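Participant: Sharing final_23.txt here; it has compact mmCIF, C-alpha atoms and all ligand atoms.
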# COMPACT_ATOMS: atom_id res chain seq x y z
CA MET U 1 3.56 6.14 15.67
CA GLU U 2 0.12 7.48 14.86
CA LYS U 3 -1.62 7.01 11.51
CA LYS U 4 -2.91 10.28 10.04
CA GLU U 5 -4.58 11.01 6.70
CA GLN U 6 -4.38 8.58 3.78
CA LEU U 7 -1.94 9.90 1.19
CA TYR U 8 -2.32 7.29 -1.50
CA GLU U 9 -3.97 4.00 -2.37
CA GLY U 10 -2.19 1.68 -4.76
CA LYS U 11 -3.05 -1.77 -6.10
CA ALA U 12 -1.74 -3.67 -3.07
CA LYS U 13 -1.07 -1.04 -0.39
CA LYS U 14 -2.37 2.11 1.22
CA VAL U 15 -0.04 4.83 2.47
CA TYR U 16 -0.78 7.12 5.43
CA ALA U 17 0.93 10.21 6.78
CA THR U 18 2.36 10.25 10.31
CA GLU U 19 3.24 13.11 12.65
CA ASN U 20 6.84 12.76 11.40
CA PRO U 21 7.25 14.30 7.90
CA ASP U 22 10.09 11.83 7.20
CA TYR U 23 7.93 8.75 7.82
CA VAL U 24 4.79 7.20 6.37
CA ILE U 25 2.83 4.09 7.31
CA VAL U 26 2.12 1.48 4.65
CA SER U 27 -0.81 -0.88 5.05
CA TYR U 28 -0.78 -4.07 2.99
CA LYS U 29 -4.05 -5.28 1.41
CA ASP U 30 -5.10 -8.73 0.23
CA ASP U 31 -5.98 -7.30 -3.21
CA ALA U 32 -4.11 -8.82 -6.12
CA THR U 33 -3.85 -7.48 -9.65
CA ALA U 34 -2.01 -8.66 -12.73
CA PHE U 35 -1.47 -7.50 -16.30
CA ASN U 36 -1.47 -3.84 -15.26
CA GLY U 37 -4.71 -4.14 -13.30
CA GLN U 38 -6.72 -5.99 -15.98
CA LYS U 39 -7.00 -9.09 -13.77
CA LYS U 40 -8.21 -8.49 -10.23
CA GLY U 41 -8.69 -10.76 -7.26
CA THR U 42 -8.05 -11.41 -3.60
CA ILE U 43 -5.35 -13.57 -2.09
CA VAL U 44 -6.54 -14.16 1.46
CA GLY U 45 -3.80 -13.42 3.99
CA LYS U 46 -1.42 -11.98 1.39
CA GLY U 47 -1.23 -8.57 3.07
CA VAL U 48 0.03 -10.04 6.32
CA ILE U 49 2.55 -12.32 4.59
CA ASN U 50 3.89 -9.62 2.27
CA ASN U 51 4.21 -7.10 5.10
CA LYS U 52 6.12 -9.44 7.39
CA MET U 53 8.18 -11.01 4.63
CA SER U 54 9.16 -7.70 3.09
CA ASN U 55 10.24 -6.36 6.49
CA TYR U 56 12.26 -9.50 7.13
CA MET U 57 14.01 -9.23 3.75
CA MET U 58 14.74 -5.51 4.18
CA GLN U 59 16.32 -6.19 7.59
CA MET U 60 18.38 -9.05 6.14
CA LEU U 61 19.60 -6.72 3.38
CA GLU U 62 20.36 -3.87 5.82
CA LYS U 63 22.69 -6.30 7.64
CA LYS U 64 24.49 -6.80 4.32
CA GLY U 65 24.96 -3.05 3.91
CA ILE U 66 22.00 -2.23 1.64
CA PRO U 67 20.13 0.91 2.80
CA THR U 68 16.34 0.39 2.80
CA HIS U 69 13.17 2.32 3.65
CA PHE U 70 12.31 0.01 6.57
CA VAL U 71 11.80 1.67 9.97
CA GLU U 72 9.47 -0.37 12.18
CA GLN U 73 6.70 -2.95 11.89
CA LEU U 74 3.57 -1.77 13.70
CA SER U 75 1.21 -4.70 13.22
CA ASP U 76 0.41 -7.65 10.98
CA ARG U 77 -0.35 -5.39 8.03
CA GLU U 78 1.25 -2.06 8.90
CA THR U 79 4.82 -0.79 8.80
CA VAL U 80 6.52 2.57 9.26
CA VAL U 81 8.83 3.33 6.35
CA LYS U 82 10.90 6.31 5.29
CA LYS U 83 8.93 8.72 3.12
CA VAL U 84 10.88 8.50 -0.11
CA GLN U 85 10.44 9.99 -3.55
CA ILE U 86 10.16 6.91 -5.72
CA VAL U 87 12.51 6.79 -8.72
CA PRO U 88 9.98 6.01 -11.51
CA LEU U 89 11.72 2.82 -12.63
CA GLU U 90 10.85 -0.82 -12.08
CA VAL U 91 14.19 -2.55 -11.77
CA ILE U 92 14.08 -6.19 -12.82
CA ILE U 93 16.85 -8.67 -12.15
CA ARG U 94 16.79 -12.10 -13.73
CA ASN U 95 18.76 -15.28 -13.14
CA VAL U 96 16.63 -17.64 -15.25
CA ALA U 97 14.47 -16.83 -18.29
CA ALA U 98 10.74 -16.52 -17.51
CA GLY U 99 7.71 -14.33 -18.17
CA SER U 100 8.14 -11.35 -20.47
CA PHE U 101 11.86 -12.06 -21.04
CA SER U 102 11.07 -15.52 -22.43
CA LYS U 103 8.36 -14.07 -24.67
CA ARG U 104 10.44 -11.14 -25.90
CA TYR U 105 13.53 -13.15 -26.82
CA GLY U 106 11.95 -16.53 -27.60
CA VAL U 107 13.85 -18.42 -24.88
CA ALA U 108 12.10 -21.23 -23.03
CA GLU U 109 11.09 -20.49 -19.44
CA GLY U 110 13.59 -22.24 -17.20
CA THR U 111 16.63 -21.48 -19.38
CA LYS U 112 19.50 -20.47 -17.07
CA LEU U 113 21.02 -17.16 -18.11
CA ALA U 114 24.80 -17.04 -18.66
CA GLU U 115 24.89 -14.17 -16.16
CA PRO U 116 22.30 -12.22 -14.15
CA THR U 117 20.62 -9.43 -16.13
CA ILE U 118 19.06 -6.09 -15.26
CA GLU U 119 16.41 -4.11 -17.07
CA PHE U 120 14.39 -1.02 -16.31
CA SER U 121 10.76 -0.28 -17.03
CA TYR U 122 9.38 3.24 -16.87
CA LYS U 123 6.86 3.19 -14.00
CA CYS U 124 3.78 4.57 -15.74
CA ASP U 125 0.48 2.67 -15.66
CA GLU U 126 -1.04 4.66 -18.56
CA LEU U 127 1.84 3.54 -20.79
CA ASN U 128 1.88 -0.02 -19.42
CA ASP U 129 5.36 0.33 -17.82
CA PRO U 130 7.38 0.30 -21.06
CA LEU U 131 10.91 -1.06 -21.15
CA ILE U 132 13.41 1.83 -21.06
CA ASN U 133 17.19 2.07 -21.49
CA ASN U 134 19.71 4.18 -19.52
CA TYR U 135 20.00 6.83 -22.25
CA HIS U 136 16.24 7.34 -22.25
CA VAL U 137 16.27 7.53 -18.44
CA PHE U 138 18.82 10.37 -18.65
CA ALA U 139 17.09 12.07 -21.62
CA LEU U 140 13.81 12.16 -19.71
CA ASN U 141 15.48 13.25 -16.44
CA LEU U 142 14.02 10.25 -14.59
CA ALA U 143 17.27 9.67 -12.67
CA THR U 144 20.85 10.90 -12.79
CA LYS U 145 23.82 8.87 -14.02
CA GLU U 146 25.04 8.55 -10.46
CA GLU U 147 21.62 7.32 -9.28
CA VAL U 148 21.38 4.73 -12.06
CA ALA U 149 24.89 3.49 -11.23
CA THR U 150 23.97 3.22 -7.54
CA ILE U 151 20.68 1.47 -8.29
CA THR U 152 22.38 -0.99 -10.67
CA ASN U 153 25.10 -1.89 -8.16
CA MET U 154 22.59 -2.23 -5.33
CA ALA U 155 20.24 -4.38 -7.42
CA PHE U 156 22.99 -6.88 -8.34
CA ALA U 157 24.23 -6.97 -4.71
CA ILE U 158 20.63 -7.62 -3.55
CA ASN U 159 20.41 -10.46 -6.09
CA GLU U 160 23.51 -12.15 -4.71
CA ALA U 161 22.26 -11.83 -1.11
CA MET U 162 18.76 -13.06 -1.98
CA LYS U 163 19.87 -15.97 -4.18
CA GLU U 164 22.04 -17.29 -1.36
CA PHE U 165 19.33 -16.67 1.24
CA PHE U 166 16.59 -18.51 -0.70
CA LYS U 167 18.88 -21.38 -1.74
CA GLU U 168 19.05 -22.32 1.98
CA LEU U 169 15.23 -22.52 1.96
CA LYS U 170 15.29 -24.82 -1.11
CA ILE U 171 13.87 -22.05 -3.28
CA ASP U 172 15.40 -20.82 -6.55
CA LEU U 173 15.15 -17.08 -7.15
CA ILE U 174 14.27 -16.82 -10.85
CA ASP U 175 13.68 -13.06 -11.17
CA PHE U 176 12.32 -10.13 -9.18
CA LYS U 177 11.36 -6.47 -9.33
CA LEU U 178 12.76 -3.73 -7.12
CA GLU U 179 11.91 -0.08 -6.63
CA PHE U 180 14.21 2.54 -5.19
CA GLY U 181 13.53 5.90 -3.56
CA ARG U 182 15.35 9.10 -2.73
CA PHE U 183 15.56 9.88 0.97
CA HIS U 184 17.57 12.99 1.89
CA ASP U 185 19.81 12.55 -1.16
CA GLN U 186 20.42 8.87 -0.43
CA ILE U 187 19.11 6.08 -2.67
CA VAL U 188 17.34 3.44 -0.58
CA LEU U 189 15.55 0.21 -1.46
CA ALA U 190 11.78 0.85 -1.21
CA ASP U 191 8.45 -0.85 -2.08
CA GLU U 192 8.38 -4.56 -1.19
CA ILE U 193 10.05 -7.93 -1.63
CA SER U 194 7.41 -10.66 -1.64
CA PRO U 195 5.85 -13.42 -3.75
CA ASP U 196 4.03 -10.54 -5.55
CA THR U 197 7.32 -9.21 -6.86
CA CYS U 198 9.60 -12.25 -7.14
CA ARG U 199 9.46 -15.53 -9.02
CA PHE U 200 10.24 -18.35 -6.62
CA TRP U 201 10.55 -21.91 -7.95
CA GLU U 202 10.79 -25.04 -5.84
CA ALA U 203 14.53 -25.79 -6.00
CA ASP U 204 16.05 -28.72 -7.86
CA THR U 205 12.79 -29.80 -9.51
CA TRP U 206 12.63 -27.64 -12.61
CA ASP U 207 13.93 -27.49 -16.15
CA THR U 208 12.65 -25.95 -19.38
CA THR U 209 9.66 -28.29 -19.41
CA LYS U 210 8.28 -27.88 -15.88
CA HIS U 211 8.55 -25.94 -12.63
CA VAL U 212 6.60 -25.40 -9.42
CA SER U 213 5.83 -21.70 -8.80
CA LEU U 214 5.58 -20.44 -5.22
CA ASP U 215 4.61 -16.89 -6.18
CA LYS U 216 2.09 -14.66 -7.92
CA ASP U 217 2.35 -16.63 -11.18
CA ARG U 218 -0.12 -19.02 -9.52
CA PHE U 219 -2.61 -16.13 -9.59
CA ARG U 220 -1.56 -14.68 -12.98
CA ARG U 221 -1.76 -18.07 -14.69
CA ASP U 222 -4.75 -19.51 -12.80
CA LEU U 223 -2.69 -22.43 -11.48
CA GLY U 224 -4.65 -22.76 -8.21
CA GLY U 225 -3.11 -23.09 -4.76
CA VAL U 226 -2.31 -19.37 -4.63
CA GLU U 227 -2.79 -18.94 -0.86
CA ASP U 228 -0.92 -22.18 -0.19
CA ALA U 229 2.08 -20.97 -2.20
CA TYR U 230 2.32 -17.71 -0.23
CA ALA U 231 1.89 -19.66 3.03
CA GLU U 232 4.64 -22.11 2.01
CA ILE U 233 7.16 -19.32 1.37
CA PHE U 234 6.22 -17.73 4.67
CA LYS U 235 6.59 -21.04 6.52
CA ARG U 236 10.07 -21.63 5.11
CA LEU U 237 11.14 -18.15 6.21
CA GLY U 238 10.20 -19.14 9.74
CA ILE U 239 8.84 -15.67 10.57
CA LYS U 240 6.46 -15.22 13.48
N1 LIG U 301 7.12 -7.83 -11.64
C1 LIG U 301 6.48 -7.08 -10.68
N2 LIG U 301 5.65 -6.06 -11.07
C2 LIG U 301 5.42 -5.76 -12.38
C3 LIG U 301 6.07 -6.53 -13.37
C4 LIG U 301 6.91 -7.55 -12.97
O1 LIG U 301 6.67 -7.28 -9.49
O2 LIG U 301 4.65 -4.82 -12.66
C5 LIG U 301 8.02 -8.91 -11.24
C6 LIG U 301 7.44 -10.29 -11.55
O3 LIG U 301 6.79 -10.80 -10.40
C7 LIG U 301 8.67 -11.09 -11.87
C8 LIG U 301 9.66 -10.08 -12.45
O4 LIG U 301 9.21 -8.81 -12.02
O5 LIG U 301 9.23 -11.64 -10.68
C9 LIG U 301 9.79 -10.13 -13.95
O6 LIG U 301 8.52 -10.00 -14.52
P1 LIG U 301 8.33 -10.05 -16.11
O7 LIG U 301 9.01 -8.87 -16.72
O8 LIG U 301 8.73 -11.38 -16.61
O9 LIG U 301 6.81 -9.72 -16.32
P2 LIG U 301 5.52 -10.66 -16.25
O10 LIG U 301 5.84 -11.90 -17.01
O11 LIG U 301 5.30 -10.88 -14.78
O12 LIG U 301 4.49 -9.79 -16.88
Would you kindly transcribe this structure into structure tokens?
Facilitator:
Amino acid sequence: MEKKEQLYEGKAKKVYATENPDYVIVSYKDDATAFNGQKKGTIVGKGVINNKMSNYMMQMLEKKGIPTHFVEQLSDRETVVKKVQIVPLEVIIRNVAAGSFSKRYGVAEGTKLAEPTIEFSYKCDELNDPLINNYHVFALNLATKEEVATITNMAFAINEAMKEFFKELKIDLIDFKLEFGRFHDQIVLADEISPDTCRFWEADTWDTTKHVSLDKDRFRRDLGGVEDAYAEIFKRLGIK
């Protein structure tokens, strides 16, 4: 598949047109941002890891019946994906309290939740991705009731598949962010699944006083060992 003009450049990826109007090529960069772009840096090798890992996860999920945007990996950093219209919601699933959830509700990071939770943020950089509820989603015509129901069911099913998958790798899936797109009237999982978008903690070694992050929190919180954490996740996945 041939790369044509660049359509878009985001914080971590570039998107190019192809000769097929249904497909685009995404190219993963090593650029890292946090706090809505206020903190910027580079995580050397991240683009390659996130590309390959995300493709691996999407294929694992496809096998479990989850439709995704994945089409074909072209190279270390480049993948053909379905050209979707992104539903402007960041869908966050949590198993354990961390990050903004811990701050908002005053629960210590590392507190196990009685059941997995879902929340939506309105994808809008200018507004800092504000939290949004279903009624507001419908009132603003961001997605239909049917789409929100589909997205919710898919997100919880993805959580169950991913929790089980990472448990085998001795990694606990704390929380993660998903994005969905519309492709010919079907809702498909889009964007990426990587240490940029998930919290991964070394299994069986954490409580509410300590944990070992193998994800972007090492960058956000200046913990050091950022590249090593991404490399460790990648190694455990056993991807070539
Ligand atoms: N997340 C993300 N992109 C965002 C915000 C959050 O990928 O713009 C992921 C983040 O990596 C974590 C989960 O969503 O795995 C929950 O993040 P949280 O709401 O706790 O926000 P944070 O503390 O990262 O600001």
Participant: What is the distance, in Å and to one decimal place, between atom CA of U:Ala203 and atom CA of U:Ile151?
Facilitator: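 Atom-to-atom, atom CA of U:Ala203 and atom CA of U:Ile151 are spaced 28.0 Å apart.
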Participant: Pick from U:Met53, U:Arg77, U:Asn20, U:Leu131: nearest to U:Glu232, with all atoms listed in the file counted?
Facilitator: U:Met53
Participant: When you count only C-alpha atoms, which of these residues is closest to U:Thr150: U:Gly181, U:Pro116, U:Gly10, U:Gly225?
Facilitator: U:Gly181
Participant: So, counting only C-alpha atoms, which residue among U:Glu109, U:Asp222, U:Glu2, U:Glu9 is closest to U:Lys210?
Facilitator: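 Of the candidates, the smallest distance to U:Lys210 is held by U:Glu109.
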Participant: Quick one: residues within 9 Å of ligand LIG 301 (chain U), with only C-alpha atoms and all ligand atoms, as a PDB file with C-alpha atoms, keeping the file's coordinate frame?
Facilitator:
ATOM      1  CA  ALA U  34      -2.010  -8.660 -12.730  1.00  0.00           C
ATOM      2  CA  PHE U  35      -1.470  -7.500 -16.300  1.00  0.00           C
ATOM      3  CA  ASN U  36      -1.470  -3.840 -15.260  1.00  0.00           C
ATOM      4  CA  GLU U  90      10.850  -0.820 -12.080  1.00  0.00           C
ATOM      5  CA  VAL U  91      14.190  -2.550 -11.770  1.00  0.00           C
ATOM      6  CA  ILE U  92      14.080  -6.190 -12.820  1.00  0.00           C
ATOM      7  CA  ILE U  93      16.850  -8.670 -12.150  1.00  0.00           C
ATOM      8  CA  ARG U  94      16.790 -12.100 -13.730  1.00  0.00           C
ATOM      9  CA  ALA U  97      14.470 -16.830 -18.290  1.00  0.00           C
ATOM     10  CA  ALA U  98      10.740 -16.520 -17.510  1.00  0.00           C
ATOM     11  CA  GLY U  99       7.710 -14.330 -18.170  1.00  0.00           C
ATOM     12  CA  SER U 100       8.140 -11.350 -20.470  1.00  0.00           C
ATOM     13  CA  PHE U 101      11.860 -12.060 -21.040  1.00  0.00           C
ATOM     14  CA  SER U 102      11.070 -15.520 -22.430  1.00  0.00           C
ATOM     15  CA  LYS U 103       8.360 -14.070 -24.670  1.00  0.00           C
ATOM     16  CA  GLU U 119      16.410  -4.110 -17.070  1.00  0.00           C
ATOM     17  CA  SER U 121      10.760  -0.280 -17.030  1.00  0.00           C
ATOM     18  CA  LYS U 123       6.860   3.190 -14.000  1.00  0.00           C
ATOM     19  CA  ASN U 128       1.880  -0.020 -19.420  1.00  0.00           C
ATOM     20  CA  ASP U 129       5.360   0.330 -17.820  1.00  0.00           C
ATOM     21  CA  LEU U 173      15.150 -17.080  -7.150  1.00  0.00           C
ATOM     22  CA  ILE U 174      14.270 -16.820 -10.850  1.00  0.00           C
ATOM     23  CA  ASP U 175      13.680 -13.060 -11.170  1.00  0.00           C
ATOM     24  CA  PHE U 176      12.320 -10.130  -9.180  1.00  0.00           C
ATOM     25  CA  LYS U 177      11.360  -6.470  -9.330  1.00  0.00           C
ATOM     26  CA  LEU U 178      12.760  -3.730  -7.120  1.00  0.00           C
ATOM     27  CA  GLU U 192       8.380  -4.560  -1.190  1.00  0.00           C
ATOM     28  CA  ILE U 193      10.050  -7.930  -1.630  1.00  0.00           C
ATOM     29  CA  SER U 194       7.410 -10.660  -1.640  1.00  0.00           C
ATOM     30  CA  PRO U 195       5.850 -13.420  -3.750  1.00  0.00           C
ATOM     31  CA  ASP U 196       4.030 -10.540  -5.550  1.00  0.00           C
ATOM     32  CA  THR U 197       7.320  -9.210  -6.860  1.00  0.00           C
ATOM     33  CA  CYS U 198       9.600 -12.250  -7.140  1.00  0.00           C
ATOM     34  CA  ARG U 199       9.460 -15.530  -9.020  1.00  0.00           C
ATOM     35  CA  PHE U 200      10.240 -18.350  -6.620  1.00  0.00           C
ATOM     36  CA  ASP U 215       4.610 -16.890  -6.180  1.00  0.00           C
ATOM     37  CA  LYS U 216       2.090 -14.660  -7.920  1.00  0.00           C
ATOM     38  CA  ASP U 217       2.350 -16.630 -11.180  1.00  0.00           C
ATOM     39  CA  ARG U 220      -1.560 -14.680 -12.980  1.00  0.00           C
TER      40      ARG U 220
END
Participant: List as a list in words the protein and nucleic acid residues near U:Lys14, meaning an atom at most 7 Å away when only C-alpha atoms are counted, but skip any in the same chain fewer than 5 places from it.
Facilitator: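 Counting only the stated atoms, we get Tyr8, Glu9, Val26, Ser27 and Tyr28 of chain U.
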Participant: Compile the contact shell of U:Met57 as an MDAnalysis selection string: residues with an atom at most 12 Å away, counting all atoms listed in the file, same-chain residues fewer than 2 positions apart removed.
Facilitator: chainID U and resid 49:55 59:64 66:70 158:159 161:163 165:166 189:195 234 237 239
Participant: Using only C-alpha atoms, which of the listed residues (U:Val188, U:Met1, U:Leu89, U:Val226) sits closest to U:Met154?
Facilitator: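 Ranked by minimum distance to U:Met154, first place goes to U:Val188.
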Participant: Point out the residue among U:Gly37, U:Phe138, U:Asp204, U:Ala108 with the least atom-to-atom distance to U:Glu126, counting all atoms listed in the file.
Facilitator: U:Gly37
Participant: Considering only C-alpha atoms, can you say which of U:Glu115, U:Asp185, U:Asp228, U:Asp22 comes closest to U:Glu160?
Facilitator: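 Closest to U:Glu160, using only C-alpha atoms: U:Glu115.
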Participant: Take stretch 67-89 of chain U from the block and save it with N, CA and C atoms, as a PDB file, in the first residue's frame.
Facilitator:
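Final output, saved to selection-v2.pdb:
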ATOM      1  N   PRO U  67     -14.443  -6.022  16.813  1.00  0.00           N
ATOM      2  CA  PRO U  67     -14.009  -5.417  15.548  1.00  0.00           C
ATOM      3  C   PRO U  67     -13.046  -4.247  15.799  1.00  0.00           C
ATOM      4  N   THR U  68     -11.960  -4.195  15.044  1.00  0.00           N
ATOM      5  CA  THR U  68     -10.971  -3.123  15.225  1.00  0.00           C
ATOM      6  C   THR U  68     -10.624  -2.487  13.881  1.00  0.00           C
ATOM      7  N   HIS U  69      -9.834  -1.406  13.950  1.00  0.00           N
ATOM      8  CA  HIS U  69      -9.440  -0.700  12.722  1.00  0.00           C
ATOM      9  C   HIS U  69      -8.239  -1.356  12.036  1.00  0.00           C
ATOM     10  N   PHE U  70      -7.621  -2.350  12.679  1.00  0.00           N
ATOM     11  CA  PHE U  70      -6.369  -2.913  12.161  1.00  0.00           C
ATOM     12  C   PHE U  70      -6.552  -3.575  10.788  1.00  0.00           C
ATOM     13  N   VAL U  71      -5.624  -3.273   9.868  1.00  0.00           N
ATOM     14  CA  VAL U  71      -5.631  -3.929   8.551  1.00  0.00           C
ATOM     15  C   VAL U  71      -4.319  -4.686   8.329  1.00  0.00           C
ATOM     16  N   GLU U  72      -3.194  -3.956   8.359  1.00  0.00           N
ATOM     17  CA  GLU U  72      -1.929  -4.614   8.026  1.00  0.00           C
ATOM     18  C   GLU U  72      -0.744  -3.776   8.502  1.00  0.00           C
ATOM     19  N   GLN U  73       0.220  -4.420   9.147  1.00  0.00           N
ATOM     20  CA  GLN U  73       1.437  -3.705   9.536  1.00  0.00           C
ATOM     21  C   GLN U  73       2.362  -3.623   8.323  1.00  0.00           C
ATOM     22  N   LEU U  74       2.880  -2.412   8.071  1.00  0.00           N
ATOM     23  CA  LEU U  74       3.738  -2.226   6.897  1.00  0.00           C
ATOM     24  C   LEU U  74       5.213  -2.263   7.250  1.00  0.00           C
ATOM     25  N   SER U  75       5.532  -1.716   8.428  1.00  0.00           N
ATOM     26  CA  SER U  75       6.938  -1.626   8.844  1.00  0.00           C
ATOM     27  C   SER U  75       6.969  -1.412  10.340  1.00  0.00           C
ATOM     28  N   ASP U  76       8.165  -1.194  10.882  1.00  0.00           N
ATOM     29  CA  ASP U  76       8.327  -1.003  12.322  1.00  0.00           C
ATOM     30  C   ASP U  76       7.404   0.077  12.901  1.00  0.00           C
ATOM     31  N   ARG U  77       7.224   1.143  12.121  1.00  0.00           N
ATOM     32  CA  ARG U  77       6.450   2.280  12.643  1.00  0.00           C
ATOM     33  C   ARG U  77       5.127   2.520  11.928  1.00  0.00           C
ATOM     34  N   GLU U  78       4.889   1.784  10.836  1.00  0.00           N
ATOM     35  CA  GLU U  78       3.734   2.122   9.997  1.00  0.00           C
ATOM     36  C   GLU U  78       2.730   0.975   9.838  1.00  0.00           C
ATOM     37  N   THR U  79       1.463   1.348   9.917  1.00  0.00           N
ATOM     38  CA  THR U  79       0.376   0.362   9.824  1.00  0.00           C
ATOM     39  C   THR U  79      -0.782   0.916   9.003  1.00  0.00           C
ATOM     40  N   VAL U  80      -1.364   0.055   8.182  1.00  0.00           N
ATOM     41  CA  VAL U  80      -2.590   0.406   7.464  1.00  0.00           C
ATOM     42  C   VAL U  80      -3.760   0.139   8.404  1.00  0.00           C
ATOM     43  N   VAL U  81      -4.612   1.152   8.555  1.00  0.00           N
ATOM     44  CA  VAL U  81      -5.821   0.971   9.365  1.00  0.00           C
ATOM     45  C   VAL U  81      -7.026   1.484   8.585  1.00  0.00           C
ATOM     46  N   LYS U  82      -8.206   1.031   9.006  1.00  0.00           N
ATOM     47  CA  LYS U  82      -9.435   1.524   8.384  1.00  0.00           C
ATOM     48  C   LYS U  82      -9.565   3.015   8.662  1.00  0.00           C
ATOM     49  N   LYS U  83     -10.002   3.762   7.663  1.00  0.00           N
ATOM     50  CA  LYS U  83     -10.219   5.200   7.846  1.00  0.00           C
ATOM     51  C   LYS U  83     -11.566   5.389   8.528  1.00  0.00           C
ATOM     52  N   VAL U  84     -11.515   5.660   9.820  1.00  0.00           N
ATOM     53  CA  VAL U  84     -12.756   5.778  10.586  1.00  0.00           C
ATOM     54  C   VAL U  84     -13.033   7.246  10.884  1.00  0.00           C
ATOM     55  N   GLN U  85     -14.277   7.499  11.271  1.00  0.00           N
ATOM     56  CA  GLN U  85     -14.612   8.810  11.843  1.00  0.00           C
ATOM     57  C   GLN U  85     -14.585   8.587  13.355  1.00  0.00           C
ATOM     58  N   ILE U  86     -13.644   9.235  14.017  1.00  0.00           N
ATOM     59  CA  ILE U  86     -13.493   8.996  15.454  1.00  0.00           C
ATOM     60  C   ILE U  86     -14.693   9.550  16.234  1.00  0.00           C
ATOM     61  N   VAL U  87     -15.254   8.738  17.101  1.00  0.00           N
ATOM     62  CA  VAL U  87     -16.287   9.209  18.030  1.00  0.00           C
ATOM     63  C   VAL U  87     -15.536  10.068  19.057  1.00  0.00           C
ATOM     64  N   PRO U  88     -15.934  11.345  19.247  1.00  0.00           N
ATOM     65  CA  PRO U  88     -15.087  12.253  20.052  1.00  0.00           C
ATOM     66  C   PRO U  88     -15.170  12.016  21.555  1.00  0.00           C
ATOM     67  N   LEU U  89     -14.937  10.764  21.946  1.00  0.00           N
ATOM     68  CA  LEU U  89     -14.968  10.401  23.366  1.00  0.00           C
ATOM     69  C   LEU U  89     -13.717   9.615  23.711  1.00  0.00           C
TER      70      LEU U  89
END
